[in-house]
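Q: For reference, the structure I am asking about is given below.
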Amino acid sequence: MVTWTDFERATIQDIFSKIDYDIVGPDALSRCLIVYPWTQRYFGSFGNLYNAAAIASNPKVAAHGKVVLGGLEKALKNMDDIKQAYADLSVLHSEKLQVDPDNFKLLADCLTIVVASQLGKDFTPEVHAAFAKFLAVVVAALRKQYH
Amino acid sequence: MSLTAKDKEIVKAFWTKLAPKADDVGADALSRMLAVYPQTKTYFAHWKDLSPGSAPVKKHGKTIMGGVADAVGKIDDLTAGLLNLSELHAFTLRVDPANFKILSHNILVVLAIVFPNEFTPEVHVALDKFLGALSRALAEKYRYPTTRSEPQNEQHFSPPLSISTSKRSSMCWLAAVGICRETHKGTSSKR
């Protein structure tokens, strides 16, 4: 059972209210595909992923980036039981999409970097810590249904 | 995942932009590492103040970035270039190499904040590879037969702050603090 301090709750809500979903989602996913190219294995149907420029301008990547961020919204709205809220998503990633769960951390790291560049100085070490905890809980919940 | 010529070019070019701000980047990255990954604080229990931006954190952030600067200069052979630092981390500091990844990630986060436009995905991947190669070079000596003599005391300790940085990062430092009487020349291996 995860306990959140008032600071953490407020900070995480604040981050999500400040970031532009249409930029952060696509940026984080394209950065993940560029920086960790083996993650492209899950996106065979996305067309041209041959180089950084192609990935960054790929409309399917952009669309899917927004889907991923939408998924994070679900955690945001259910902070007191993310594990339960993500049970179906976890089954989906494990049984249907068959994603190696180590990749969740890679995407989380890219997301942290993109959010950091969006928020700049406001992304203080304390804010960073709260966000990292949130993503760690999300990743753990996504890993939960892997058997 | 070795560094291509292009990677090295990108790293060196980005370093010229980073160099003037290196101390601040180092201090911020270290502050973040201690705040976001509290298990890393165990290596710095001897510091009075572990809070973000404190004096020991700032000083050590500078030391770390000095090491990174050195590595940029030795980018064509990191393993050989960082041998002494590897010995320091392996035998004296005994930092679990998993933590190199954590610090590397925090350096990248700070770069994203300080250089939001220049830290493009292409620069990000080149730097991530470089920091990975640096970390591997630092871990080189961890499980490695050595010709060093056994340290007199088999206990963990941290380098006294009064020893200068250059001494701390070389084998001579171990002799200076009386841990081993000889350098690695001409002693038999006991590992």
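Labeling convention for the structure tokens: chains A, B, ... as they appear, residues from 1 per chain, ligands from 1 in order of appearance.
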What are the DSSP alpha helix (DSSP H) residues of chain A, as a count of residues only?
A: 98
Q: Could you give me, as a list of chain:residue names, the residues within 10 Å of Ala69 of chain B, counting only C-alpha atoms and dropping anything in the same chain fewer than 4 positions from it?
A: B:Lys12, B:Trp15, B:Leu18, B:Ala19, B:Ala22, B:Thr63, B:Ile64, B:Met65, B:Gly73, B:Lys74, B:Ile75
Q: Sorted by chain and rising residue number, which residues of segment 59-132 of chain B lie within 8 Å of segment 116-129 of chain A, and what are their closest atom pairs and distances in Å to one decimal, counting only C-alpha atoms, as JSON lines?
A:
```
{"residue": "B:Val109", "atom": "CA", "partner": "A:Ala116", "partner_atom": "CA", "distance": 6.4}
{"residue": "B:Val110", "atom": "CA", "partner": "A:Ala116", "partner_atom": "CA", "distance": 7.8}
{"residue": "B:Ala112", "atom": "CA", "partner": "A:Ser117", "partner_atom": "CA", "distance": 4.8}
{"residue": "B:Ile113", "atom": "CA", "partner": "A:Ser117", "partner_atom": "CA", "distance": 4.6}
{"residue": "B:Val114", "atom": "CA", "partner": "A:Gly120", "partner_atom": "CA", "distance": 7.3}
{"residue": "B:Phe115", "atom": "CA", "partner": "A:Ser117", "partner_atom": "CA", "distance": 7.8}
{"residue": "B:Pro116", "atom": "CA", "partner": "A:Ser117", "partner_atom": "CA", "distance": 5.2}
```
Q: Just N, CA, C and O atoms for this one: save the residues we selected as a PDB file, in the first residue's frame.
A:
```pdb
ATOM      1  N   VAL B 109      19.198  14.341 -16.640  1.00  0.00           N
ATOM      2  CA  VAL B 109      18.026  15.150 -16.254  1.00  0.00           C
ATOM      3  C   VAL B 109      18.434  16.617 -16.119  1.00  0.00           C
ATOM      4  O   VAL B 109      17.754  17.521 -16.612  1.00  0.00           O
ATOM      5  N   VAL B 110      19.591  16.860 -15.487  1.00  0.00           N
ATOM      6  CA  VAL B 110      20.045  18.239 -15.304  1.00  0.00           C
ATOM      7  C   VAL B 110      20.367  18.876 -16.654  1.00  0.00           C
ATOM      8  O   VAL B 110      20.041  20.043 -16.901  1.00  0.00           O
ATOM      9  N   ALA B 112      18.928  18.239 -19.412  1.00  0.00           N
ATOM     10  CA  ALA B 112      17.641  18.555 -20.047  1.00  0.00           C
ATOM     11  C   ALA B 112      17.084  19.872 -19.516  1.00  0.00           C
ATOM     12  O   ALA B 112      16.423  20.624 -20.234  1.00  0.00           O
ATOM     13  N   ILE B 113      17.369  20.148 -18.236  1.00  0.00           N
ATOM     14  CA  ILE B 113      16.872  21.383 -17.632  1.00  0.00           C
ATOM     15  C   ILE B 113      17.716  22.573 -18.092  1.00  0.00           C
ATOM     16  O   ILE B 113      17.188  23.631 -18.444  1.00  0.00           O
ATOM     17  N   VAL B 114      19.036  22.400 -18.070  1.00  0.00           N
ATOM     18  CA  VAL B 114      19.933  23.527 -18.369  1.00  0.00           C
ATOM     19  C   VAL B 114      20.023  23.820 -19.870  1.00  0.00           C
ATOM     20  O   VAL B 114      20.215  24.957 -20.281  1.00  0.00           O
ATOM     21  N   PHE B 115      19.864  22.785 -20.695  1.00  0.00           N
ATOM     22  CA  PHE B 115      19.982  22.939 -22.148  1.00  0.00           C
ATOM     23  C   PHE B 115      18.741  22.396 -22.852  1.00  0.00           C
ATOM     24  O   PHE B 115      18.840  21.465 -23.654  1.00  0.00           O
ATOM     25  N   PRO B 116      17.568  22.990 -22.593  1.00  0.00           N
ATOM     26  CA  PRO B 116      16.343  22.385 -23.133  1.00  0.00           C
ATOM     27  C   PRO B 116      16.339  22.283 -24.659  1.00  0.00           C
ATOM     28  O   PRO B 116      15.746  21.360 -25.213  1.00  0.00           O
TER      29      PRO B 116
END
```
Q: Need to verify the contact set: segment 106-113 of chain A, 9 Å, only C-alpha atoms, exclusion of same-chain residues closer than 3 positions in sequence. Can you return it as a list in words?
A: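 Counting only the stated atoms, we get Val24, Gly25, Asp27, Ala28, Leu29, Arg31, Cys32, Leu33, Val35, Tyr36, Thr39, Asp102, Asn103, Ala116, Ser117, Gln118, His128, Phe131, Ala132, Leu135, Ala136 and Val139 of chain A; His105, Leu108, Val109, Val110, Leu111, Ala112 and Ile113 of chain B.
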Q: Give me, as a compact mmCIF listing (two decimals) with C-alpha atoms, in the first residue's frame, the residues of chain B touching chain A, with the criterion being at most 12 Å (counting only C-alpha atoms).
A:
```txt
# COMPACT_ATOMS: atom_id res chain seq x y z
CA MET B 1 27.43 -0.53 -27.63
CA ALA B 27 26.19 19.86 -7.89
CA ASP B 28 22.60 19.64 -9.16
CA ALA B 29 23.01 16.06 -10.44
CA LEU B 30 24.50 14.90 -7.15
CA SER B 31 21.80 16.74 -5.15
CA ARG B 32 19.13 15.05 -7.20
CA MET B 33 20.70 11.62 -6.88
CA LEU B 34 20.76 11.90 -3.09
CA ALA B 35 17.20 13.26 -2.93
CA VAL B 36 15.56 10.98 -5.50
CA TYR B 37 17.51 7.77 -4.79
CA PRO B 38 18.08 7.93 -1.04
CA SER B 51 20.68 18.35 1.48
CA PRO B 52 20.47 19.62 -2.11
CA GLY B 53 23.03 22.33 -2.80
CA LYS B 101 23.73 4.34 -13.88
CA ILE B 102 21.73 6.27 -11.32
CA SER B 104 24.35 9.14 -15.11
CA HIS B 105 20.55 9.41 -15.33
CA ASN B 106 20.56 12.38 -12.98
CA ILE B 107 23.26 14.12 -15.01
CA LEU B 108 21.06 13.72 -18.10
CA VAL B 109 18.03 15.15 -16.25
CA VAL B 110 20.04 18.24 -15.30
CA LEU B 111 21.27 18.65 -18.87
CA ALA B 112 17.64 18.56 -20.05
CA ILE B 113 16.87 21.38 -17.63
CA VAL B 114 19.93 23.53 -18.37
CA PHE B 115 19.98 22.94 -22.15
CA PRO B 116 16.34 22.38 -23.13
CA ASN B 117 16.99 23.16 -26.82
CA GLU B 118 20.45 21.67 -27.30
CA PHE B 119 19.72 18.39 -25.46
CA THR B 120 18.05 16.85 -28.50
CA PRO B 121 17.34 13.10 -28.75
CA GLU B 122 20.53 12.70 -30.84
CA VAL B 123 22.64 14.42 -28.20
CA HIS B 124 20.81 12.44 -25.50
CA VAL B 125 21.66 9.07 -27.03
CA ALA B 126 25.32 10.01 -27.62
CA LEU B 127 25.72 11.22 -24.04
CA ASP B 128 23.87 8.23 -22.62
CA LYS B 129 26.26 5.94 -24.52
```
Q: Go through A:Ala87, A:Val99, A:Ala54, A:Ala63 and flag the residue nearest Ala75 of chain A, using only C-alpha atoms for the distances.
A: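 Ranked by minimum distance to Ala75 of chain A, first place goes to A:Ala87.
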Q: Atom CA of Tyr43 of chain B and atom CA of Phe104 of chain A are how many Å apart?
A: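 Interatomic distance here is 27.8 Å.
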Q: Distance atom CA of Asp96 of chain B-atom CA of His60 of chain B, one decimal place?
A: 17.9 Å
Q: Compare A:Tyr42, A:Tyr50, A:Phe7, A:Tyr21 by their minimum atom-to-atom distance to Gly70 of chain A, counting only C-alpha atoms, and give me the closest one.
A: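 Of the candidates, the smallest distance to Gly70 of chain A is held by A:Tyr21.
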